[in-house]
Amino acid sequence: MNLNVLHPAEQLTRMIKRVYDQRLTTTSGGNLSIKDENGDMWITPASVDKGTLTKEDMVCIKSDGTITGRHRPSSEYPFHQKIYEARKDLKAVLHAHPSGLVAFSIVRKIPETRICPQVYWECGKVGMARYAMTGSQELGDCIAEVFSQGYDVVMLENHGVVVGAENMQDAFGRFETMEAASRIQIHAAALGKLSVLDEETIQECTEALKAEREGFESGEYSSREKAARKEICDFAARAYRQQLITSVQGSFSERIDDGRFVVTPYHKDRLYLEPEDIAAVENGKSESGKRPGRAADIHRAIYEAHPEINSIIICQPQNVMAFAVTGEALDSKTIPESYIMMRDIPRLKSPVMLEKPETIADMFDESTPIVMADHDCLIVTGESMLKTFDRLEVAEYSAMSIVMSKNQGEIIPIDERGLEEIRQVFHLK
């Protein structure tokens with residue numbers, strides 16, 4: 001779905017519901033706005049339940065200052081106006097109080113965006129606006145002044161975050177990515193010391209993505225491929241609802257036959273994917289008119305090297321990523337299910353963009369279904385999408401349990417005798 005073709009009031013309705021449903025704001029907190037082609041600002045209303053808003057509830061503030069609608073506009077509309085005045089390139093503003101970013105806001109620290117290339121690409125450097133009374137002109141001046149310096153994400157002292165973008169879809173993706181990054185860093189603090197990428201490494205990753213892929217005309221899809229496309233859409237949406245991925249991150253693929261697989265597209269909202277959005281890759285070429293995700297070559301190399309693998313998910317679940325940004329080991333020997341599903345997890349010491357896809361593929365075998373890349377992602381494989389997704393869920397829940405255990409006492413892993421018994425009972429290699 002292309003949200004940008006909808007009326008601004010409809011866009012705001014859908015996106016505020018999504019912010020609320022993802023537990024990124026409260027019933028009364030947060031406000032969103034869109035500036036349309038006429039210079040009019042559409043904004044969420046004041047004092048109306050965020051869980052029940054409809055498009056009829058949205059308020060329009062005309063370019064001449066006239067206000068139309070059944071409700072008062074958000075009390076914080078002055079800072080939205082100030083941002084649009086300071087940055088003519090921005091057409092959407094999103095403000096909310098998600099718990100992770102508020103945690104940074106109330107200690108007046110800026111979350112790090114260099115924890116992985118994807119976060120830096122999405123959010124860039126982040127600014128901080130000094131505290132001022134909510135709804136005041138002073139607050140608007142403080143926020144607009146930081147936006148005028150070129151920041152697209154601005155933390156507010158003791159208040160939350162404001163994000164701007166060219167459209168509401170991009171603003172939401174930026175906001176969601178920033179909140180995920182903050183939570184990764186909070187989880188990481190329980191494990192060890194956070195490490196970040198230097199700008200040279202991020203630039204190397206950026207350069208690695210510029211290679212063009214030759215196209216091919218796909219023709220009629222087989223029944224097997226039609227089913228795989230629908231399944232990818234369903235599991236991507238499910239992963240999103242389970243907060244295993246964000247709207248702009250997460251790469252899902254399925255093998256169709258030798259040399260051909262289908263994969264999620266680049267930078268399209270994972271909640272709203274349709275089968276026609278999914279891209280086919282055949283013998284290294286991309287289906288004409290489609291742009292596969294950044295990790296398509298890794299999918300290809302794994303399928304070529306491992307005929308037993310039929311499905312791959314590459315993503316950044318928040319608790320797992322706490323291990324990827326601290327260098328701490330994600331121990332699978334905590335409970336039987338974790339060991340059965342994950343086994344031992346080898347590590348790449350750099351982002352996947354800096355490794356040859358064939359090198360990554362060689363790390364997998366029948367006893368190694370998962371690989372972690374520091375400062376980048378988790379790569380999960382399986383004989384089916386269901387098995388791969390199950391394995392991903394187990395990895396994230398296992399990581400969460402370890403993070404939560406840190407203030408409970410020392411972890412006591414299953415001993416070798418117990419592991420051998422698991423191997424025998426479940427016929428693990």
# chains A, B, ... in the order shown; residues from 1 in each chain; ligands from 1
>>> closest_atom_pairs(of="stretch 9-112 of chain A", to="stretch 258-280 of chain A", cutoff="12 Å", atoms="only C-alpha atoms", output="CSV")
residue,atom,partner,partner_atom,distance
A:Arg14,CA,A:Tyr272,CA,11.8
A:Met15,CA,A:Leu271,CA,12.0
A:Arg18,CA,A:Leu271,CA,10.2
A:Gln22,CA,A:Leu271,CA,11.9
>>> select_by_dssp(residues="stretch 149-341 of chain A", states="strand (DSSP E)", output="number ranges by chain")
A: 153-156, 160-165, 215-216, 251-257, 260-263, 279-282, 285-287, 311-315
>>> residues_around(residues="A:Arg23", least_positions_apart="5", cutoff="12 Å", atoms="only C-alpha atoms", output="NGL selection string")
:A and (16-18 or 29-30 or 50-51 or 96-100 or 176 or 179 or 241-243)
>>> residues_around(residues="stretch 299-316 of chain A", least_positions_apart="2", cutoff="7 Å", atoms="only C-alpha atoms", output="mmCIF file with N, CA, C and O atoms, in the first residue's frame")
data_model
loop_
_atom_site.group_PDB
_atom_site.id
_atom_site.type_symbol
_atom_site.label_atom_id
_atom_site.label_comp_id
_atom_site.auth_asym_id
_atom_site.auth_seq_id
_atom_site.Cartn_x
_atom_site.Cartn_y
_atom_site.Cartn_z
ATOM 1 N N ILE A 245 10.543 -6.975 13.698
ATOM 2 C CA ILE A 245 11.073 -6.105 12.650
ATOM 3 C C ILE A 245 10.370 -4.757 12.750
ATOM 4 O O ILE A 245 9.372 -4.618 13.454
ATOM 5 N N GLN A 249 12.460 -2.468 7.803
ATOM 6 C CA GLN A 249 13.602 -3.372 7.979
ATOM 7 C C GLN A 249 13.113 -4.800 8.128
ATOM 8 O O GLN A 249 12.076 -5.071 8.717
ATOM 9 N N GLY A 250 13.886 -5.727 7.572
ATOM 10 C CA GLY A 250 13.538 -7.144 7.635
ATOM 11 C C GLY A 250 13.450 -7.726 6.242
ATOM 12 O O GLY A 250 12.673 -7.257 5.403
ATOM 13 N N SER A 251 14.266 -8.728 5.972
ATOM 14 C CA SER A 251 14.360 -9.324 4.644
ATOM 15 C C SER A 251 13.920 -10.789 4.714
ATOM 16 O O SER A 251 14.522 -11.586 5.431
ATOM 17 N N PHE A 252 12.857 -11.143 3.964
ATOM 18 C CA PHE A 252 12.281 -12.489 3.979
ATOM 19 C C PHE A 252 12.362 -13.069 2.571
ATOM 20 O O PHE A 252 12.031 -12.381 1.600
ATOM 21 N N SER A 253 12.753 -14.329 2.451
ATOM 22 C CA SER A 253 12.794 -14.948 1.127
ATOM 23 C C SER A 253 12.407 -16.424 1.194
ATOM 24 O O SER A 253 12.484 -17.049 2.254
ATOM 25 N N GLU A 254 11.999 -16.949 0.037
ATOM 26 C CA GLU A 254 11.738 -18.385 -0.119
ATOM 27 C C GLU A 254 12.309 -18.850 -1.450
ATOM 28 O O GLU A 254 12.217 -18.151 -2.463
ATOM 29 N N ARG A 255 12.884 -20.047 -1.421
ATOM 30 C CA ARG A 255 13.377 -20.670 -2.658
ATOM 31 C C ARG A 255 12.187 -21.147 -3.485
ATOM 32 O O ARG A 255 11.242 -21.750 -2.957
ATOM 33 N N ALA A 295 19.881 -7.228 1.060
ATOM 34 C CA ALA A 295 20.542 -8.495 1.377
ATOM 35 C C ALA A 295 20.307 -9.584 0.326
ATOM 36 O O ALA A 295 20.612 -10.752 0.572
ATOM 37 N N ALA A 296 19.799 -9.220 -0.856
ATOM 38 C CA ALA A 296 19.433 -10.234 -1.851
ATOM 39 C C ALA A 296 20.598 -11.146 -2.220
ATOM 40 O O ALA A 296 20.425 -12.358 -2.428
ATOM 41 N N ASP A 297 21.812 -10.602 -2.317
ATOM 42 C CA ASP A 297 22.962 -11.431 -2.688
ATOM 43 C C ASP A 297 23.324 -12.439 -1.600
ATOM 44 O O ASP A 297 23.855 -13.512 -1.897
ATOM 45 N N GLN A 318 15.227 -6.631 18.552
ATOM 46 C CA GLN A 318 15.851 -5.694 19.488
ATOM 47 C C GLN A 318 16.723 -6.357 20.551
ATOM 48 O O GLN A 318 17.814 -5.862 20.865
ATOM 49 N N MET A 321 19.858 -7.849 18.949
ATOM 50 C CA MET A 321 20.803 -6.812 18.534
ATOM 51 C C MET A 321 21.592 -6.239 19.706
ATOM 52 O O MET A 321 22.680 -5.698 19.513
ATOM 53 N N PRO A 357 29.232 -12.456 0.010
ATOM 54 C CA PRO A 357 28.082 -13.310 0.301
ATOM 55 C C PRO A 357 28.458 -14.784 0.431
ATOM 56 O O PRO A 357 27.898 -15.504 1.271
ATOM 57 N N GLU A 358 29.431 -15.233 -0.365
ATOM 58 C CA GLU A 358 29.843 -16.638 -0.307
ATOM 59 C C GLU A 358 30.514 -16.968 1.026
ATOM 60 O O GLU A 358 30.381 -18.084 1.535
ATOM 61 N N ALA A 361 27.670 -17.484 3.420
ATOM 62 C CA ALA A 361 26.996 -18.754 3.132
ATOM 63 C C ALA A 361 27.774 -19.940 3.678
ATOM 64 O O ALA A 361 27.189 -20.915 4.164
ATOM 65 N N CYS A 377 22.885 -7.604 11.927
ATOM 66 C CA CYS A 377 21.661 -8.383 11.809
ATOM 67 C C CYS A 377 21.828 -9.803 12.323
ATOM 68 O O CYS A 377 22.930 -10.246 12.651
ATOM 69 N N LEU A 378 20.702 -10.501 12.342
ATOM 70 C CA LEU A 378 20.661 -11.941 12.565
ATOM 71 C C LEU A 378 20.191 -12.581 11.264
ATOM 72 O O LEU A 378 19.225 -12.122 10.655
ATOM 73 N N ILE A 379 20.874 -13.627 10.825
ATOM 74 C CA ILE A 379 20.500 -14.351 9.605
ATOM 75 C C ILE A 379 19.987 -15.716 10.038
ATOM 76 O O ILE A 379 20.720 -16.504 10.651
ATOM 77 N N VAL A 380 18.720 -16.011 9.740
ATOM 78 C CA VAL A 380 18.060 -17.226 10.204
ATOM 79 C C VAL A 380 17.617 -18.030 8.991
ATOM 80 O O VAL A 380 17.042 -17.479 8.051
ATOM 81 N N THR A 381 17.868 -19.338 9.025
ATOM 82 C CA THR A 381 17.518 -20.195 7.893
ATOM 83 C C THR A 381 16.656 -21.368 8.348
ATOM 84 O O THR A 381 16.596 -21.697 9.535
ATOM 85 N N GLY A 382 15.989 -22.011 7.383
ATOM 86 C CA GLY A 382 15.178 -23.186 7.694
ATOM 87 C C GLY A 382 14.677 -23.865 6.446
ATOM 88 O O GLY A 382 14.810 -23.334 5.341
ATOM 89 N N GLU A 383 14.069 -25.020 6.634
ATOM 90 C CA GLU A 383 13.538 -25.757 5.484
ATOM 91 C C GLU A 383 12.180 -25.240 5.031
ATOM 92 O O GLU A 383 11.680 -25.624 3.974
ATOM 93 N N SER A 384 11.564 -24.360 5.823
ATOM 94 C CA SER A 384 10.295 -23.743 5.456
ATOM 95 C C SER A 384 10.222 -22.374 6.124
ATOM 96 O O SER A 384 10.952 -22.088 7.083
ATOM 97 N N MET A 385 9.308 -21.522 5.650
ATOM 98 C CA MET A 385 9.157 -20.217 6.267
ATOM 99 C C MET A 385 8.669 -20.339 7.702
ATOM 100 O O MET A 385 9.115 -19.598 8.590
ATOM 101 N N THR A 388 11.632 -21.295 9.861
ATOM 102 C CA THR A 388 12.554 -20.168 9.974
ATOM 103 C C THR A 388 11.998 -19.112 10.915
ATOM 104 O O THR A 388 12.716 -18.578 11.775
#
>>> closest_residue(among="A:Lys290, A:His80, A:Arg108, A:Arg391", to="A:Ser136", atoms="only C-alpha atoms")
A:His80
>>> closest_residue(among="A:Asn158, A:Gln185, A:Ser405, A:Thr177", to="A:Gly124", atoms="only C-alpha atoms")
A:Thr177
>>> atom_distance(atom1="atom CA of A:Thr326", atom2="atom CA of A:Leu194")
4.9 Å
>>> atom_distance(atom1="atom CA of A:Ala239", atom2="atom CA of A:Gly173")
15.6 Å
>>> residues_around(residues="stretch 332-340 of chain A", least_positions_apart="6", cutoff="9 Å", atoms="only C-alpha atoms", output="PyMOL selection string")
chain A and resi 391+394-395+397-399+402+411-415+418-419+422-423+426+428
>>> closest_atom_pairs(of="stretch 53-160 of chain A", to="stretch 196-217 of chain A", cutoff="10 Å", atoms="only C-alpha atoms", output="Markdown table")
| residue | atom | partner | partner_atom | distance |
| --- | --- | --- | --- | --- |
| A:Glu112 | CA | A:Val196 | CA | 7.9 |
| A:Thr113 | CA | A:Val196 | CA | 8.4 |
| A:Arg114 | CA | A:Val196 | CA | 5.4 |
| A:Ile115 | CA | A:Val196 | CA | 4.8 |
| A:Cys116 | CA | A:Leu197 | CA | 6.8 |
| A:Pro117 | CA | A:Ile202 | CA | 5.7 |
| A:Gln118 | CA | A:Ile202 | CA | 9.2 |
| A:Tyr120 | CA | A:Ile202 | CA | 8.1 |
| A:Trp121 | CA | A:Thr206 | CA | 8.6 |
>>> write_last_selection(atoms="C-alpha atoms", output="compact mmCIF listing (two decimals), in the first residue's frame")
# COMPACT_ATOMS: atom_id res chain seq x y z
CA GLU A 112 23.44 6.55 19.25
CA THR A 113 22.55 5.96 15.59
CA ARG A 114 25.89 4.42 14.62
CA ILE A 115 25.02 1.06 16.19
CA CYS A 116 24.40 -0.30 12.69
CA PRO A 117 24.39 1.18 9.16
CA GLN A 118 20.63 0.81 8.71
CA TYR A 120 22.27 5.68 10.58
CA TRP A 121 20.92 5.63 7.02
>>> residues_around(residues="stretch 5-11 of chain A", least_positions_apart="3", cutoff="7 Å", atoms="only C-alpha atoms", output="PDB file with N, CA and C atoms, in the first residue's frame")
ATOM      1  N   ASN A   2       0.532   2.211  -0.851  1.00  0.00           N
ATOM      2  CA  ASN A   2       1.215   3.491  -0.882  1.00  0.00           C
ATOM      3  C   ASN A   2       0.381   4.485  -0.082  1.00  0.00           C
ATOM      4  N   ARG A  14      -4.696   6.463   9.925  1.00  0.00           N
ATOM      5  CA  ARG A  14      -4.031   5.156   9.875  1.00  0.00           C
ATOM      6  C   ARG A  14      -2.744   5.152  10.685  1.00  0.00           C
ATOM      7  N   MET A  15      -1.997   6.250  10.612  1.00  0.00           N
ATOM      8  CA  MET A  15      -0.692   6.240  11.261  1.00  0.00           C
ATOM      9  C   MET A  15      -0.788   6.447  12.768  1.00  0.00           C
ATOM     10  N   ILE A  34       0.481  16.732   8.745  1.00  0.00           N
ATOM     11  CA  ILE A  34       0.903  16.697   7.339  1.00  0.00           C
ATOM     12  C   ILE A  34       0.620  18.071   6.734  1.00  0.00           C
ATOM     13  N   TRP A  42      -2.764  19.572   8.231  1.00  0.00           N
ATOM     14  CA  TRP A  42      -3.711  18.637   8.823  1.00  0.00           C
ATOM     15  C   TRP A  42      -3.047  18.038  10.063  1.00  0.00           C
ATOM     16  N   LYS A  55     -11.001   9.661  10.472  1.00  0.00           N
ATOM     17  CA  LYS A  55     -10.546  10.770   9.627  1.00  0.00           C
ATOM     18  C   LYS A  55     -11.392  12.018   9.848  1.00  0.00           C
ATOM     19  N   MET A  58      -9.881  14.585  12.359  1.00  0.00           N
ATOM     20  CA  MET A  58      -8.682  15.362  12.054  1.00  0.00           C
ATOM     21  C   MET A  58      -9.023  16.831  11.795  1.00  0.00           C
TER      22      MET A  58
END
>>> select_by_dssp(residues="stretch 247-317 of chain A", states="alpha helix (DSSP H)", output="VMD selection string")
chain A and resid 296 to 305
>>> closest_residue(among="A:Arg238, A:Ala227, A:Val248, A:Leu348", to="A:Gly293", atoms="only C-alpha atoms")
A:Val248
